[in-house]
$ cat input-v9.cif   # mmCIF, C-alpha atoms
data_protein
#
loop_
_atom_site.label_atom_id
_atom_site.label_comp_id
_atom_site.auth_asym_id
_atom_site.auth_seq_id
_atom_site.Cartn_x
_atom_site.Cartn_y
_atom_site.Cartn_z
CA MET A 1 0.00 0.00 0.00
CA ARG A 2 1.49 3.34 -0.98
CA SER A 3 0.43 6.48 0.85
CA GLY A 4 2.02 8.93 -1.56
CA ARG A 5 5.49 10.19 -2.24
CA GLU A 6 7.05 11.68 0.84
CA ARG A 7 10.35 12.87 -0.58
CA THR A 8 12.59 12.73 -3.64
CA GLN A 9 16.34 12.66 -3.08
CA ILE A 10 18.61 13.74 -5.94
CA ARG A 11 22.31 13.13 -5.53
CA ASP A 12 25.36 13.06 -7.78
CA TYR A 13 27.93 10.42 -6.90
CA PRO A 14 31.32 10.07 -8.64
CA ASN A 15 30.14 7.23 -10.91
CA PHE A 16 26.39 7.82 -11.24
CA HIS A 17 23.44 10.16 -10.72
CA LEU A 18 20.70 9.07 -8.30
CA THR A 19 17.05 10.10 -8.26
CA MET A 20 15.40 8.24 -5.39
CA HIS A 21 11.64 8.54 -4.85
CA CYS A 22 10.79 7.66 -1.25
CA TYR A 23 7.40 6.49 -0.03
CA ILE A 24 5.92 5.70 3.35
CA CYS A 25 4.38 2.23 3.06
CA LYS A 26 2.67 -0.31 5.24
CA VAL A 27 3.09 -4.05 4.81
CA LYS A 28 -0.37 -5.56 5.12
CA SER A 29 0.61 -9.18 4.55
CA GLY A 30 3.17 -11.41 2.91
CA LYS A 31 6.93 -11.34 2.92
CA LEU A 32 9.17 -8.58 1.56
CA THR A 33 11.76 -9.57 -1.05
CA LEU A 34 15.04 -7.68 -1.10
CA LEU A 35 15.87 -6.75 -4.71
CA GLU A 36 18.19 -3.74 -4.72
CA HIS A 37 20.45 -3.98 -1.67
CA GLU A 38 22.95 -6.36 -0.17
CA ALA A 39 21.37 -6.35 3.28
CA ALA A 40 18.33 -5.06 5.14
CA LYS A 41 17.02 -5.07 8.68
CA TRP A 42 14.11 -3.59 10.58
CA LEU A 43 15.04 -0.73 12.91
CA THR A 44 13.27 1.12 15.67
CA ARG A 45 13.36 4.92 15.57
CA ASP A 46 16.05 4.87 18.28
CA GLU A 47 18.19 2.46 16.21
CA LEU A 48 18.23 4.63 13.07
CA SER A 49 21.41 6.40 14.20
CA SER A 50 23.23 3.05 14.53
CA VAL A 51 23.63 2.75 10.74
CA LYS A 52 26.21 4.53 8.57
CA TRP A 53 23.83 5.95 5.96
CA LEU A 54 24.83 7.08 2.48
CA PRO A 55 24.44 10.81 1.81
CA ALA A 56 21.24 10.31 -0.22
CA ASP A 57 19.68 8.36 2.67
CA GLU A 58 20.48 10.89 5.39
CA GLY A 59 17.66 13.32 4.53
CA VAL A 60 15.10 10.52 4.45
CA VAL A 61 16.32 9.13 7.79
CA ASP A 62 16.12 12.61 9.35
CA MET A 63 12.54 12.91 8.08
CA ILE A 64 11.60 9.54 9.60
CA LYS A 65 13.18 10.48 12.94
CA THR A 66 11.02 13.62 13.23
CA ARG A 67 7.71 12.30 11.86
CA GLU A 68 5.68 10.82 14.70
CA HIS A 69 2.98 9.41 12.38
CA ILE A 70 5.47 7.02 10.76
CA LEU A 71 5.16 3.67 12.51
CA LEU A 72 8.44 1.82 12.79
CA LYS A 73 9.24 -1.56 14.28
CA THR A 74 8.38 -1.63 17.97
#

$ encode --input "input-v9.cif" --output "structure tokens"
Amino acid sequence: MRSGRERTQIRDYPNFHLTMHCYICKVKSGKLTLLEHEAAKWLTRDELSSVKWLPADEGVVDMIKTREHILLKT
């Protein structure tokens, strides 16, 4: 279920240009399949700072930290 685009991150890296559309989603059922990354894990809001984020991710993580309506793993 997609609730609408929350943010678009645009970033130039040395070897590529990134346009990343970010959405706030809710998993209603089923199992997520990792397609684009080497690893993934669920984090609580307090655990978000424990990860070394890439520059394009930092703005999205900051948004999640300050948005109380975003439900994270409890």

$ resolve_selection --input "input-v9.cif" --expression "the PyMOL selection byres ((chain A and resi 47) around 12)" --output "list in words"
Lys41, Trp42, Leu43, Thr44, Arg45, Asp46, Leu48, Ser49, Ser50, Val51, Lys52, Val61, Ile64, Lys65, Leu72, Lys73 and Thr74 of chain A

$ residues_near_point --input "input-v9.cif" --point "(19.4, 9.5, -8.0)" --cutoff "10 Å" --atoms "all atoms listed in the file" --output "list in words"
Thr8, Gln9, Ile10, Arg11, Asp12, Tyr13, Phe16, His17, Leu18, Thr19, Met20, His21 and Ala56 of chain A

$ axis_aligned_box --input "input-v9.cif" --around "region 47-60 of chain A" --padding-each-side "6 Å" --output "lines of an AutoDock Vina configuration file"
center_x = 20.7
center_y = 7.9
center_z = 8.0
size_x = 23.1
size_y = 22.9
size_z = 28.4

$ atom_distance --input "input-v9.cif" --atom1 "CA of Lys31 (chain A)" --atom2 "CA of Asp62 (chain A)"
26.4 Å

$ closest_residue --input "input-v9.cif" --among "A:Ala39, A:Leu32, A:Ile24, A:Leu54" --to "Arg7 (chain A)" --atoms "all atoms listed in the file"
A:Ile24

$ atom_distance --input "input-v9.cif" --atom1 "CA of Asp57 (chain A)" --atom2 "CA of Ser29 (chain A)"
26.0 Å

$ atom_distance --input "input-v9.cif" --atom1 "CA of Ala40 (chain A)" --atom2 "CA of Gly59 (chain A)"
18.4 Å

$ residues_around --input "input-v9.cif" --residues "Glu6 (chain A)" --least-positions-apart "3" --cutoff "10 Å" --atoms "all atoms listed in the file" --output "PyMOL selection string"
chain A and resi 3+21-24+60+63

$ decode --input "input-v9.cif" --residues "chain A" --atoms "C-alpha atoms" --output "PDB file, in the first residue's frame"
ATOM      1  CA  MET A   1       0.000   0.000   0.000  1.00  0.00           C
ATOM      2  CA  ARG A   2       1.485   3.342  -0.976  1.00  0.00           C
ATOM      3  CA  SER A   3       0.426   6.481   0.855  1.00  0.00           C
ATOM      4  CA  GLY A   4       2.021   8.927  -1.562  1.00  0.00           C
ATOM      5  CA  ARG A   5       5.489  10.194  -2.238  1.00  0.00           C
ATOM      6  CA  GLU A   6       7.052  11.681   0.844  1.00  0.00           C
ATOM      7  CA  ARG A   7      10.354  12.872  -0.582  1.00  0.00           C
ATOM      8  CA  THR A   8      12.594  12.726  -3.639  1.00  0.00           C
ATOM      9  CA  GLN A   9      16.339  12.662  -3.077  1.00  0.00           C
ATOM     10  CA  ILE A  10      18.612  13.736  -5.941  1.00  0.00           C
ATOM     11  CA  ARG A  11      22.310  13.127  -5.531  1.00  0.00           C
ATOM     12  CA  ASP A  12      25.360  13.059  -7.782  1.00  0.00           C
ATOM     13  CA  TYR A  13      27.929  10.417  -6.898  1.00  0.00           C
ATOM     14  CA  PRO A  14      31.321  10.067  -8.645  1.00  0.00           C
ATOM     15  CA  ASN A  15      30.140   7.229 -10.909  1.00  0.00           C
ATOM     16  CA  PHE A  16      26.388   7.822 -11.237  1.00  0.00           C
ATOM     17  CA  HIS A  17      23.438  10.162 -10.716  1.00  0.00           C
ATOM     18  CA  LEU A  18      20.696   9.066  -8.304  1.00  0.00           C
ATOM     19  CA  THR A  19      17.052  10.104  -8.259  1.00  0.00           C
ATOM     20  CA  MET A  20      15.401   8.235  -5.387  1.00  0.00           C
ATOM     21  CA  HIS A  21      11.637   8.535  -4.849  1.00  0.00           C
ATOM     22  CA  CYS A  22      10.793   7.663  -1.248  1.00  0.00           C
ATOM     23  CA  TYR A  23       7.402   6.491  -0.026  1.00  0.00           C
ATOM     24  CA  ILE A  24       5.916   5.705   3.354  1.00  0.00           C
ATOM     25  CA  CYS A  25       4.383   2.232   3.056  1.00  0.00           C
ATOM     26  CA  LYS A  26       2.669  -0.305   5.241  1.00  0.00           C
ATOM     27  CA  VAL A  27       3.091  -4.048   4.806  1.00  0.00           C
ATOM     28  CA  LYS A  28      -0.369  -5.561   5.121  1.00  0.00           C
ATOM     29  CA  SER A  29       0.615  -9.177   4.545  1.00  0.00           C
ATOM     30  CA  GLY A  30       3.172 -11.412   2.912  1.00  0.00           C
ATOM     31  CA  LYS A  31       6.933 -11.343   2.916  1.00  0.00           C
ATOM     32  CA  LEU A  32       9.171  -8.584   1.564  1.00  0.00           C
ATOM     33  CA  THR A  33      11.756  -9.574  -1.047  1.00  0.00           C
ATOM     34  CA  LEU A  34      15.038  -7.683  -1.104  1.00  0.00           C
ATOM     35  CA  LEU A  35      15.869  -6.747  -4.714  1.00  0.00           C
ATOM     36  CA  GLU A  36      18.194  -3.743  -4.716  1.00  0.00           C
ATOM     37  CA  HIS A  37      20.450  -3.975  -1.666  1.00  0.00           C
ATOM     38  CA  GLU A  38      22.955  -6.362  -0.169  1.00  0.00           C
ATOM     39  CA  ALA A  39      21.366  -6.352   3.281  1.00  0.00           C
ATOM     40  CA  ALA A  40      18.333  -5.064   5.138  1.00  0.00           C
ATOM     41  CA  LYS A  41      17.021  -5.066   8.685  1.00  0.00           C
ATOM     42  CA  TRP A  42      14.106  -3.589  10.584  1.00  0.00           C
ATOM     43  CA  LEU A  43      15.035  -0.734  12.911  1.00  0.00           C
ATOM     44  CA  THR A  44      13.270   1.119  15.675  1.00  0.00           C
ATOM     45  CA  ARG A  45      13.356   4.920  15.572  1.00  0.00           C
ATOM     46  CA  ASP A  46      16.054   4.865  18.276  1.00  0.00           C
ATOM     47  CA  GLU A  47      18.189   2.456  16.207  1.00  0.00           C
ATOM     48  CA  LEU A  48      18.232   4.635  13.066  1.00  0.00           C
ATOM     49  CA  SER A  49      21.413   6.396  14.199  1.00  0.00           C
ATOM     50  CA  SER A  50      23.230   3.055  14.535  1.00  0.00           C
ATOM     51  CA  VAL A  51      23.634   2.749  10.743  1.00  0.00           C
ATOM     52  CA  LYS A  52      26.212   4.534   8.571  1.00  0.00           C
ATOM     53  CA  TRP A  53      23.826   5.951   5.956  1.00  0.00           C
ATOM     54  CA  LEU A  54      24.829   7.077   2.480  1.00  0.00           C
ATOM     55  CA  PRO A  55      24.436  10.814   1.806  1.00  0.00           C
ATOM     56  CA  ALA A  56      21.235  10.312  -0.221  1.00  0.00           C
ATOM     57  CA  ASP A  57      19.684   8.358   2.669  1.00  0.00           C
ATOM     58  CA  GLU A  58      20.479  10.885   5.392  1.00  0.00           C
ATOM     59  CA  GLY A  59      17.663  13.317   4.532  1.00  0.00           C
ATOM     60  CA  VAL A  60      15.105  10.519   4.454  1.00  0.00           C
ATOM     61  CA  VAL A  61      16.319   9.132   7.785  1.00  0.00           C
ATOM     62  CA  ASP A  62      16.119  12.606   9.349  1.00  0.00           C
ATOM     63  CA  MET A  63      12.537  12.911   8.081  1.00  0.00           C
ATOM     64  CA  ILE A  64      11.603   9.537   9.595  1.00  0.00           C
ATOM     65  CA  LYS A  65      13.177  10.482  12.939  1.00  0.00           C
ATOM     66  CA  THR A  66      11.024  13.615  13.235  1.00  0.00           C
ATOM     67  CA  ARG A  67       7.710  12.300  11.864  1.00  0.00           C
ATOM     68  CA  GLU A  68       5.679  10.816  14.702  1.00  0.00           C
ATOM     69  CA  HIS A  69       2.980   9.409  12.380  1.00  0.00           C
ATOM     70  CA  ILE A  70       5.472   7.018  10.757  1.00  0.00           C
ATOM     71  CA  LEU A  71       5.162   3.674  12.506  1.00  0.00           C
ATOM     72  CA  LEU A  72       8.437   1.817  12.790  1.00  0.00           C
ATOM     73  CA  LYS A  73       9.243  -1.564  14.275  1.00  0.00           C
ATOM     74  CA  THR A  74       8.383  -1.629  17.971  1.00  0.00           C
TER      75      THR A  74
END
